[in-house]
Amino acid sequence: MTAPATELFATAPNGVAWKRGPGGTSSAPEFLAALATLTDSGGRIAREWNWWQDGRRQEEEGRVMAVIGQWDHATPPPGGYMTAQQLEARLDAGHAERESQRQARAAGYDKNLAMARLRLLSAQATTGFMRHVLAKPASAAQQAKAQEFLAASEQEAAALAAQTGGPDAVTDERGGLPPARRERHLDEHMTFFRHRLLREWSSGQQHRFRQLLAMPAPQPVDMCSECQAPADWHTYALSLRLWPGTPEPGSTAAKIAALMPGWWDRCPACTGYQIRHQWGGTGALPDFDADQWRAMLKPVLRAVFAPAPPAPPKQPDRRAALEMRLRAAEAEAGRLRR
Ligand SMILES: [Zn+2]
């Protein structure tokens, strides 16, 4: 007869005592680390940021669950366990509460306010863009114009900020708030942009792979609430709408999209500078070209995006440009209405 194995206990930070089951091999610190991972949903992005390899997430989760599975509560919690029905009722109540809050916000949706918030974000991005240009202007004429645009966008942003109050409290049509969208966009950025590109570039495109891999994980607050890019990317005229769809065939938006490559893919919170640049005229910076844009990018953005610089500026006739500007504003408004 063999002596029974020594029983192993561990106490979680919430005071619940756990006991290792028969045949278990993990130590108490290993178990507590696995438990911490399982319950720390806030740390998920930091943990998974570099899990770009195929199947890596499943592998890591499997490891955690294998350790957790070796342990059980040492004593039932006070009051016993909830039944499946009780648990379900509790989850349903939580869901109903969030849903009623969402509906209350949706009822207070203010389209003008929502659009002012987007214009505010775009004006802030333009301010950033002009600062990048002014860090190394190509000519005195460009410097003067960039200063003028900077002052105009700062003024516009200040006026819009006064109009919108707390922009994070501005609800969308469905009662959604910007902070929740930023959290979701960070998750999507990691899973559908970062991990996908790293897999694609891991064989062959070593420079781009290393640059992207070295990019630190943003915090949710750093993200754009309208697309999957960090908000800072919009100051470089870069958007990341991962699922932009396509404009309705025959619509004004479809016509503009055909005339202006990149217009449809642009996030509404991004600087509108590249569109002004394509229109040319007094809205464009003199002597600004794709090479200057490329040079002002952060190294990671250059590595990821610069192989496809924006199309060189076109010179449409002035009347057509004005008409297009009007239609673009209408189409943008239409997009927000949907
Ligand atoms: Zn965006």
# chains A, B, ... in the order shown; residues from 1 in each chain; ligands from 1
>>> select_by_dssp(residues="range 41-267 of chain A", states="alpha helix (DSSP H)", output="ChimeraX atom specification")
/A:44-48,56-68,84-107,111-135,140-164,178-188,195-201,206-214,252-259
>>> closest_atom_pairs(of="chain A", to="ligand 1", cutoff="9 Å", atoms="only C-alpha atoms and all ligand atoms", output="Markdown table")
| residue | atom | partner | partner_atom_place_in_ligand_line | distance |
| --- | --- | --- | --- | --- |
| A:Leu121 | CA | ligand 1 | 1 (Zn) | 8.9 |
| A:Met223 | CA | ligand 1 | 1 (Zn) | 7.9 |
| A:Cys224 | CA | ligand 1 | 1 (Zn) | 4.6 |
| A:Ser225 | CA | ligand 1 | 1 (Zn) | 6.3 |
| A:Glu226 | CA | ligand 1 | 1 (Zn) | 4.5 |
| A:Cys227 | CA | ligand 1 | 1 (Zn) | 3.9 |
| A:Gln228 | CA | ligand 1 | 1 (Zn) | 6.4 |
| A:Ala229 | CA | ligand 1 | 1 (Zn) | 5.6 |
| A:Pro230 | CA | ligand 1 | 1 (Zn) | 7.4 |
| A:Ala231 | CA | ligand 1 | 1 (Zn) | 6.2 |
| A:Trp233 | CA | ligand 1 | 1 (Zn) | 8.2 |
| A:His234 | CA | ligand 1 | 1 (Zn) | 6.7 |
| A:Leu238 | CA | ligand 1 | 1 (Zn) | 8.4 |
| A:Ser239 | CA | ligand 1 | 1 (Zn) | 5.7 |
| A:Leu240 | CA | ligand 1 | 1 (Zn) | 6.5 |
| A:Arg241 | CA | ligand 1 | 1 (Zn) | 7.1 |
| A:Arg266 | CA | ligand 1 | 1 (Zn) | 7.8 |
| A:Cys267 | CA | ligand 1 | 1 (Zn) | 4.6 |
| A:Pro268 | CA | ligand 1 | 1 (Zn) | 6.5 |
| A:Ala269 | CA | ligand 1 | 1 (Zn) | 5.0 |
| A:Cys270 | CA | ligand 1 | 1 (Zn) | 5.8 |
>>> closest_atom_pairs(of="range 140-245 of chain A", to="range 125-130 of chain A", cutoff="9 Å", atoms="only C-alpha atoms", output="tab-separated table")
residue	atom	partner	partner_atom	distance
A:Ala146	CA	A:Met130	CA	5.7
A:Gln147	CA	A:Met130	CA	7.3
A:Phe149	CA	A:Met130	CA	7.0
A:Leu150	CA	A:Thr127	CA	5.3
A:Ala151	CA	A:Thr127	CA	8.0
A:Ala152	CA	A:Thr127	CA	8.6
A:Ser153	CA	A:Thr127	CA	5.6
A:Glu154	CA	A:Thr127	CA	6.2
A:Ala157	CA	A:Thr127	CA	8.6
A:Ala231	CA	A:Ala125	CA	8.0
A:Asp232	CA	A:Ala125	CA	7.6
A:Trp233	CA	A:Ala125	CA	8.5
A:His234	CA	A:Ala125	CA	5.5
A:Thr235	CA	A:Ala125	CA	4.4
A:Tyr236	CA	A:Phe129	CA	5.7
A:Ala237	CA	A:Phe129	CA	7.3
>>> write_last_selection(atoms="N, CA and C atoms", output="short mmCIF file (atom, residue, chain, number, x, y, z; two decimals), in the first residue's frame")
data_model
loop_
_atom_site.label_atom_id
_atom_site.label_comp_id
_atom_site.auth_asym_id
_atom_site.auth_seq_id
_atom_site.Cartn_x
_atom_site.Cartn_y
_atom_site.Cartn_z
N ALA A 146 1.21 75.95 -43.65
CA ALA A 146 0.97 74.96 -42.59
C ALA A 146 0.63 75.66 -41.28
N GLN A 147 1.29 76.80 -41.01
CA GLN A 147 0.98 77.56 -39.80
C GLN A 147 -0.45 78.09 -39.84
N PHE A 149 -2.97 76.71 -41.56
CA PHE A 149 -3.87 75.56 -41.39
C PHE A 149 -3.88 75.08 -39.93
N LEU A 150 -2.71 75.15 -39.30
CA LEU A 150 -2.63 74.73 -37.89
C LEU A 150 -3.52 75.63 -37.04
N ALA A 151 -3.38 76.94 -37.22
CA ALA A 151 -4.17 77.88 -36.43
C ALA A 151 -5.66 77.67 -36.68
N ALA A 152 -6.02 77.43 -37.96
CA ALA A 152 -7.44 77.24 -38.30
C ALA A 152 -8.00 75.97 -37.65
N SER A 153 -7.21 74.88 -37.68
CA SER A 153 -7.72 73.63 -37.12
C SER A 153 -7.78 73.69 -35.59
N GLU A 154 -6.83 74.43 -35.00
CA GLU A 154 -6.88 74.59 -33.53
C GLU A 154 -8.12 75.37 -33.12
N ALA A 157 -11.13 73.15 -33.59
CA ALA A 157 -11.21 72.14 -32.52
C ALA A 157 -11.69 72.77 -31.21
N ALA A 231 -5.51 56.42 -32.49
CA ALA A 231 -5.94 57.76 -32.91
C ALA A 231 -4.79 58.57 -33.50
N ASP A 232 -3.60 58.36 -32.96
CA ASP A 232 -2.39 59.05 -33.41
C ASP A 232 -2.12 58.84 -34.91
N TRP A 233 -2.52 57.69 -35.46
CA TRP A 233 -2.27 57.42 -36.89
C TRP A 233 -3.01 58.42 -37.76
N HIS A 234 -4.11 58.96 -37.25
CA HIS A 234 -4.89 59.90 -38.05
C HIS A 234 -4.16 61.23 -38.24
N THR A 235 -3.17 61.51 -37.39
CA THR A 235 -2.37 62.73 -37.59
C THR A 235 -1.37 62.53 -38.74
N TYR A 236 -1.24 61.29 -39.23
CA TYR A 236 -0.40 61.00 -40.39
C TYR A 236 -1.27 60.69 -41.62
N ALA A 237 -2.55 61.03 -41.52
CA ALA A 237 -3.49 60.76 -42.62
C ALA A 237 -3.62 59.26 -42.90
#
>>> closest_atom_pairs(of="range 207-270 of chain A", to="range 40-59 of chain A", cutoff="12 Å", atoms="only C-alpha atoms", output="JSON lines")
{"residue": "A:Phe209", "atom": "CA", "partner": "A:Trp52", "partner_atom": "CA", "distance": 11.1}
{"residue": "A:Arg210", "atom": "CA", "partner": "A:Asn50", "partner_atom": "CA", "distance": 11.7}
{"residue": "A:Leu212", "atom": "CA", "partner": "A:Asn50", "partner_atom": "CA", "distance": 10.2}
{"residue": "A:Leu213", "atom": "CA", "partner": "A:Asn50", "partner_atom": "CA", "distance": 7.2}
{"residue": "A:Ala214", "atom": "CA", "partner": "A:Asn50", "partner_atom": "CA", "distance": 9.4}
{"residue": "A:Met215", "atom": "CA", "partner": "A:Trp49", "partner_atom": "CA", "distance": 9.6}
{"residue": "A:Pro216", "atom": "CA", "partner": "A:Trp49", "partner_atom": "CA", "distance": 8.3}
{"residue": "A:Ala217", "atom": "CA", "partner": "A:Ala46", "partner_atom": "CA", "distance": 6.4}
{"residue": "A:Pro218", "atom": "CA", "partner": "A:Ala46", "partner_atom": "CA", "distance": 8.8}
{"residue": "A:Gln219", "atom": "CA", "partner": "A:Ile45", "partner_atom": "CA", "distance": 8.7}
{"residue": "A:Pro220", "atom": "CA", "partner": "A:Ile45", "partner_atom": "CA", "distance": 9.4}
>>> write_last_selection(atoms="N, CA and C atoms", output="tab-separated table (two decimals), in the first residue's frame")
chain	number	residue	atom	x	y	z
A	209	PHE	N	8.21	43.00	-40.66
A	209	PHE	CA	7.84	42.12	-39.55
A	209	PHE	C	8.44	42.64	-38.24
A	210	ARG	N	9.74	42.94	-38.27
A	210	ARG	CA	10.42	43.38	-37.03
A	210	ARG	C	9.87	44.71	-36.53
A	212	LEU	N	6.85	46.01	-37.01
A	212	LEU	CA	5.50	45.85	-36.47
A	212	LEU	C	5.54	45.09	-35.15
A	213	LEU	N	6.39	44.06	-35.08
A	213	LEU	CA	6.50	43.28	-33.84
A	213	LEU	C	6.96	44.16	-32.68
A	214	ALA	N	7.82	45.14	-32.97
A	214	ALA	CA	8.37	46.01	-31.91
A	214	ALA	C	7.37	47.06	-31.44
A	215	MET	N	6.27	47.23	-32.16
A	215	MET	CA	5.30	48.25	-31.75
A	215	MET	C	4.65	47.84	-30.42
A	216	PRO	N	4.73	48.72	-29.40
A	216	PRO	CA	4.12	48.36	-28.12
A	216	PRO	C	2.59	48.38	-28.19
A	217	ALA	N	1.95	47.63	-27.30
A	217	ALA	CA	0.48	47.58	-27.30
A	217	ALA	C	-0.08	48.93	-26.85
A	218	PRO	N	-1.00	49.51	-27.61
A	218	PRO	CA	-1.64	50.74	-27.15
A	218	PRO	C	-2.57	50.43	-25.97
A	219	GLN	N	-2.93	51.45	-25.22
A	219	GLN	CA	-4.00	51.33	-24.23
A	219	GLN	C	-5.31	51.60	-24.97
A	220	PRO	N	-6.44	51.10	-24.43
A	220	PRO	CA	-7.72	51.38	-25.12
A	220	PRO	C	-7.93	52.87	-25.36
>>> closest_residue(among="A:Ala159, A:Val221, A:Ala138, A:Ala17", to="Ala295 in chain A", atoms="only C-alpha atoms")
A:Ala138
>>> residues_around(residues="Val67 in chain A", least_positions_apart="5", cutoff="12 Å", atoms="only C-alpha atoms", output="short mmCIF file (atom, residue, chain, number, x, y, z; two decimals) with N, CA and C atoms, in the first residue's frame")
data_model
loop_
_atom_site.label_atom_id
_atom_site.label_comp_id
_atom_site.auth_asym_id
_atom_site.auth_seq_id
_atom_site.Cartn_x
_atom_site.Cartn_y
_atom_site.Cartn_z
N ARG A 20 -5.89 20.74 -4.65
CA ARG A 20 -5.51 20.03 -5.87
C ARG A 20 -6.13 18.63 -5.88
N GLY A 21 -6.69 18.24 -7.01
CA GLY A 21 -7.33 16.93 -7.12
C GLY A 21 -6.32 15.82 -7.28
N GLY A 23 -4.01 13.10 -8.78
CA GLY A 23 -3.34 13.04 -10.09
C GLY A 23 -2.83 14.38 -10.57
N GLY A 24 -3.16 15.45 -9.83
CA GLY A 24 -2.71 16.78 -10.22
C GLY A 24 -1.20 16.92 -10.07
N THR A 25 -0.59 17.69 -10.94
CA THR A 25 0.87 17.83 -10.91
C THR A 25 1.31 19.29 -10.73
N SER A 26 0.41 20.24 -10.85
CA SER A 26 0.81 21.65 -10.78
C SER A 26 1.02 22.09 -9.34
N SER A 27 1.92 23.04 -9.15
CA SER A 27 2.18 23.57 -7.81
C SER A 27 1.15 24.66 -7.49
N ALA A 28 1.08 25.05 -6.22
CA ALA A 28 0.14 26.11 -5.83
C ALA A 28 0.45 27.43 -6.55
N PRO A 29 1.73 27.86 -6.64
CA PRO A 29 1.99 29.10 -7.40
C PRO A 29 1.58 29.00 -8.87
N GLU A 30 1.78 27.81 -9.47
CA GLU A 30 1.37 27.63 -10.86
C GLU A 30 -0.15 27.78 -11.00
N PHE A 31 -0.85 27.19 -10.03
CA PHE A 31 -2.31 27.28 -10.07
C PHE A 31 -2.76 28.73 -9.90
N LEU A 32 -2.18 29.44 -8.92
CA LEU A 32 -2.60 30.83 -8.68
C LEU A 32 -2.30 31.72 -9.89
N ALA A 33 -1.18 31.44 -10.56
CA ALA A 33 -0.85 32.22 -11.77
C ALA A 33 -1.88 31.94 -12.87
N ALA A 34 -2.27 30.66 -13.01
CA ALA A 34 -3.27 30.31 -14.03
C ALA A 34 -4.61 30.96 -13.71
N LEU A 35 -4.96 30.96 -12.43
CA LEU A 35 -6.23 31.56 -12.00
C LEU A 35 -6.22 33.07 -12.26
N ALA A 36 -5.07 33.69 -11.99
CA ALA A 36 -4.96 35.15 -12.22
C ALA A 36 -5.13 35.46 -13.70
N THR A 37 -4.54 34.62 -14.56
CA THR A 37 -4.66 34.82 -16.00
C THR A 37 -6.12 34.69 -16.43
N LEU A 38 -6.79 33.68 -15.91
CA LEU A 38 -8.17 33.41 -16.30
C LEU A 38 -9.10 34.56 -15.90
N GLU A 60 -1.96 28.54 -25.52
CA GLU A 60 -1.76 29.18 -24.22
C GLU A 60 -2.99 28.97 -23.33
N GLU A 61 -4.17 29.09 -23.93
CA GLU A 61 -5.39 28.89 -23.16
C GLU A 61 -5.50 27.44 -22.68
N GLY A 62 -5.09 26.53 -23.54
CA GLY A 62 -5.12 25.12 -23.18
C GLY A 62 -4.24 24.84 -21.97
N ASP A 72 -9.90 22.15 -7.44
CA ASP A 72 -11.32 22.37 -7.15
C ASP A 72 -11.41 23.14 -5.83
#
>>> closest_atom_pairs(of="range 166-228 of chain A", to="range 98-116 of chain A", cutoff="12 Å", atoms="only C-alpha atoms", output="tab-separated table")
residue	atom	partner	partner_atom	distance
A:Gly166	CA	A:Leu113	CA	10.7
A:Pro167	CA	A:Ala114	CA	8.7
A:Asp168	CA	A:Ala114	CA	10.4
A:Ala169	CA	A:Arg105	CA	9.6
A:Val170	CA	A:Ala114	CA	6.3
A:Thr171	CA	A:Tyr109	CA	5.9
A:Asp172	CA	A:Tyr109	CA	6.3
A:Glu173	CA	A:Ala106	CA	5.6
A:Arg174	CA	A:Ala106	CA	5.1
A:Gly175	CA	A:Ala106	CA	3.8
A:Gly176	CA	A:Arg102	CA	6.8
A:Leu177	CA	A:Arg105	CA	8.9
A:Pro178	CA	A:Ala114	CA	10.7
A:Ala180	CA	A:Arg102	CA	11.8
A:Glu226	CA	A:Ala114	CA	11.7
>>> write_last_selection(atoms="C-alpha atoms", output="PDB file, in the first residue's frame")
ATOM      1  CA  GLY A 166     -17.442  65.710 -22.942  1.00  0.00           C
ATOM      2  CA  PRO A 167     -16.970  63.970 -26.315  1.00  0.00           C
ATOM      3  CA  ASP A 168     -16.811  60.524 -24.694  1.00  0.00           C
ATOM      4  CA  ALA A 169     -20.374  60.936 -23.441  1.00  0.00           C
ATOM      5  CA  VAL A 170     -21.714  61.535 -26.970  1.00  0.00           C
ATOM      6  CA  THR A 171     -23.821  58.520 -27.867  1.00  0.00           C
ATOM      7  CA  ASP A 172     -24.163  56.989 -31.322  1.00  0.00           C
ATOM      8  CA  GLU A 173     -27.506  56.095 -32.877  1.00  0.00           C
ATOM      9  CA  ARG A 174     -27.576  52.721 -31.151  1.00  0.00           C
ATOM     10  CA  GLY A 175     -26.703  54.077 -27.716  1.00  0.00           C
ATOM     11  CA  GLY A 176     -23.041  53.058 -27.962  1.00  0.00           C
ATOM     12  CA  LEU A 177     -20.341  55.158 -26.319  1.00  0.00           C
ATOM     13  CA  PRO A 178     -16.826  55.902 -27.635  1.00  0.00           C
ATOM     14  CA  ALA A 180     -16.555  50.856 -25.419  1.00  0.00           C
ATOM     15  CA  GLU A 226     -14.368  55.081 -35.191  1.00  0.00           C
TER      16      GLU A 226
END
>>> decode(residues="range 126-245 of chain A", atoms="C-alpha atoms", output="compact mmCIF listing (two decimals), in the first residue's frame")
# COMPACT_ATOMS: atom_id res chain seq x y z
CA THR A 126 -5.33 67.93 -38.74
CA THR A 127 -3.66 69.90 -35.94
CA GLY A 128 -1.32 66.94 -35.42
CA PHE A 129 -0.71 66.60 -39.15
CA MET A 130 0.29 70.26 -39.50
CA ARG A 131 2.64 69.92 -36.53
CA HIS A 132 4.36 66.99 -38.29
CA VAL A 133 4.72 69.12 -41.43
CA LEU A 134 6.05 72.07 -39.42
CA ALA A 135 8.70 69.89 -37.80
CA LYS A 136 10.44 69.86 -41.20
CA PRO A 137 8.76 72.13 -43.76
CA ALA A 138 9.87 71.77 -47.38
CA SER A 139 9.80 75.51 -48.13
CA ALA A 140 9.03 78.88 -46.56
CA ALA A 141 5.75 78.97 -48.50
CA GLN A 142 4.78 75.57 -47.12
CA GLN A 143 5.71 76.61 -43.59
CA ALA A 144 3.52 79.72 -43.78
CA LYS A 145 0.57 77.75 -45.16
CA ALA A 146 0.97 74.96 -42.59
CA GLN A 147 0.98 77.56 -39.80
CA GLU A 148 -2.21 79.01 -41.22
CA PHE A 149 -3.87 75.56 -41.39
CA LEU A 150 -2.63 74.73 -37.89
CA ALA A 151 -4.17 77.88 -36.43
CA ALA A 152 -7.44 77.24 -38.30
CA SER A 153 -7.72 73.63 -37.12
CA GLU A 154 -6.88 74.59 -33.53
CA GLN A 155 -9.57 77.22 -33.61
CA GLU A 156 -12.07 74.80 -35.12
CA ALA A 157 -11.21 72.14 -32.52
CA ALA A 158 -11.62 74.62 -29.66
CA ALA A 159 -15.03 75.71 -30.92
CA LEU A 160 -16.18 72.10 -31.44
CA ALA A 161 -14.86 71.05 -28.04
CA ALA A 162 -16.95 73.80 -26.46
CA GLN A 163 -19.96 72.60 -28.43
CA THR A 164 -19.64 68.88 -27.64
CA GLY A 165 -18.73 69.16 -23.96
CA GLY A 166 -17.44 65.71 -22.94
CA PRO A 167 -16.97 63.97 -26.31
CA ASP A 168 -16.81 60.52 -24.69
CA ALA A 169 -20.37 60.94 -23.44
CA VAL A 170 -21.71 61.53 -26.97
CA THR A 171 -23.82 58.52 -27.87
CA ASP A 172 -24.16 56.99 -31.32
CA GLU A 173 -27.51 56.09 -32.88
CA ARG A 174 -27.58 52.72 -31.15
CA GLY A 175 -26.70 54.08 -27.72
CA GLY A 176 -23.04 53.06 -27.96
CA LEU A 177 -20.34 55.16 -26.32
CA PRO A 178 -16.83 55.90 -27.64
CA PRO A 179 -14.88 54.23 -24.77
CA ALA A 180 -16.56 50.86 -25.42
CA ARG A 181 -15.84 51.13 -29.14
CA ARG A 182 -12.17 51.92 -28.42
CA GLU A 183 -11.86 48.71 -26.37
CA ARG A 184 -13.39 46.68 -29.17
CA HIS A 185 -11.21 48.36 -31.80
CA LEU A 186 -8.04 47.56 -29.87
CA ASP A 187 -9.04 43.92 -29.77
CA GLU A 188 -9.82 43.93 -33.51
CA HIS A 189 -6.61 45.78 -34.31
CA MET A 190 -4.63 43.08 -32.53
CA THR A 191 -6.46 40.08 -33.91
CA PHE A 192 -7.34 41.12 -37.46
CA PHE A 193 -4.56 43.57 -38.31
CA ARG A 194 -1.47 42.94 -36.20
CA HIS A 195 -1.58 39.16 -35.89
CA ARG A 196 -2.64 38.69 -39.48
CA LEU A 197 0.15 40.90 -40.88
CA LEU A 198 2.79 39.40 -38.61
CA ARG A 199 1.84 35.93 -39.84
CA GLU A 200 1.98 37.13 -43.42
CA TRP A 201 5.33 38.91 -43.02
CA SER A 202 7.05 36.37 -40.75
CA SER A 203 8.47 34.64 -43.80
CA GLY A 204 10.08 37.01 -46.24
CA GLN A 205 9.29 40.56 -45.18
CA GLN A 206 11.71 40.70 -42.25
CA HIS A 207 12.05 44.49 -41.97
CA ARG A 208 8.32 45.11 -41.86
CA PHE A 209 7.84 42.12 -39.55
CA ARG A 210 10.42 43.38 -37.03
CA GLN A 211 9.09 46.93 -37.05
CA LEU A 212 5.50 45.85 -36.47
CA LEU A 213 6.50 43.28 -33.84
CA ALA A 214 8.37 46.01 -31.91
CA MET A 215 5.30 48.25 -31.75
CA PRO A 216 4.12 48.36 -28.12
CA ALA A 217 0.48 47.58 -27.30
CA PRO A 218 -1.64 50.74 -27.15
CA GLN A 219 -4.00 51.33 -24.23
CA PRO A 220 -7.72 51.38 -25.12
CA VAL A 221 -7.72 55.15 -24.53
CA ASP A 222 -5.11 55.53 -27.32
CA MET A 223 -7.43 54.02 -29.92
CA CYS A 224 -9.74 55.71 -32.39
CA SER A 225 -13.40 55.21 -31.50
CA GLU A 226 -14.37 55.08 -35.19
CA CYS A 227 -11.87 52.64 -36.71
CA GLN A 228 -9.24 50.09 -35.75
CA ALA A 229 -6.29 52.53 -35.84
CA PRO A 230 -4.62 54.15 -32.84
CA ALA A 231 -5.94 57.76 -32.91
CA ASP A 232 -2.39 59.05 -33.41
CA TRP A 233 -2.27 57.42 -36.89
CA HIS A 234 -4.89 59.90 -38.05
CA THR A 235 -2.37 62.73 -37.59
CA TYR A 236 -0.40 61.00 -40.39
CA ALA A 237 -3.49 60.76 -42.62
CA LEU A 238 -3.67 57.00 -42.02
CA SER A 239 -6.93 55.19 -41.32
CA LEU A 240 -7.65 51.58 -40.51
CA ARG A 241 -11.25 50.76 -41.32
CA LEU A 242 -10.98 46.99 -41.42
CA TRP A 243 -14.51 46.39 -42.69
CA PRO A 244 -15.42 49.49 -44.67
CA GLY A 245 -17.84 47.65 -46.96
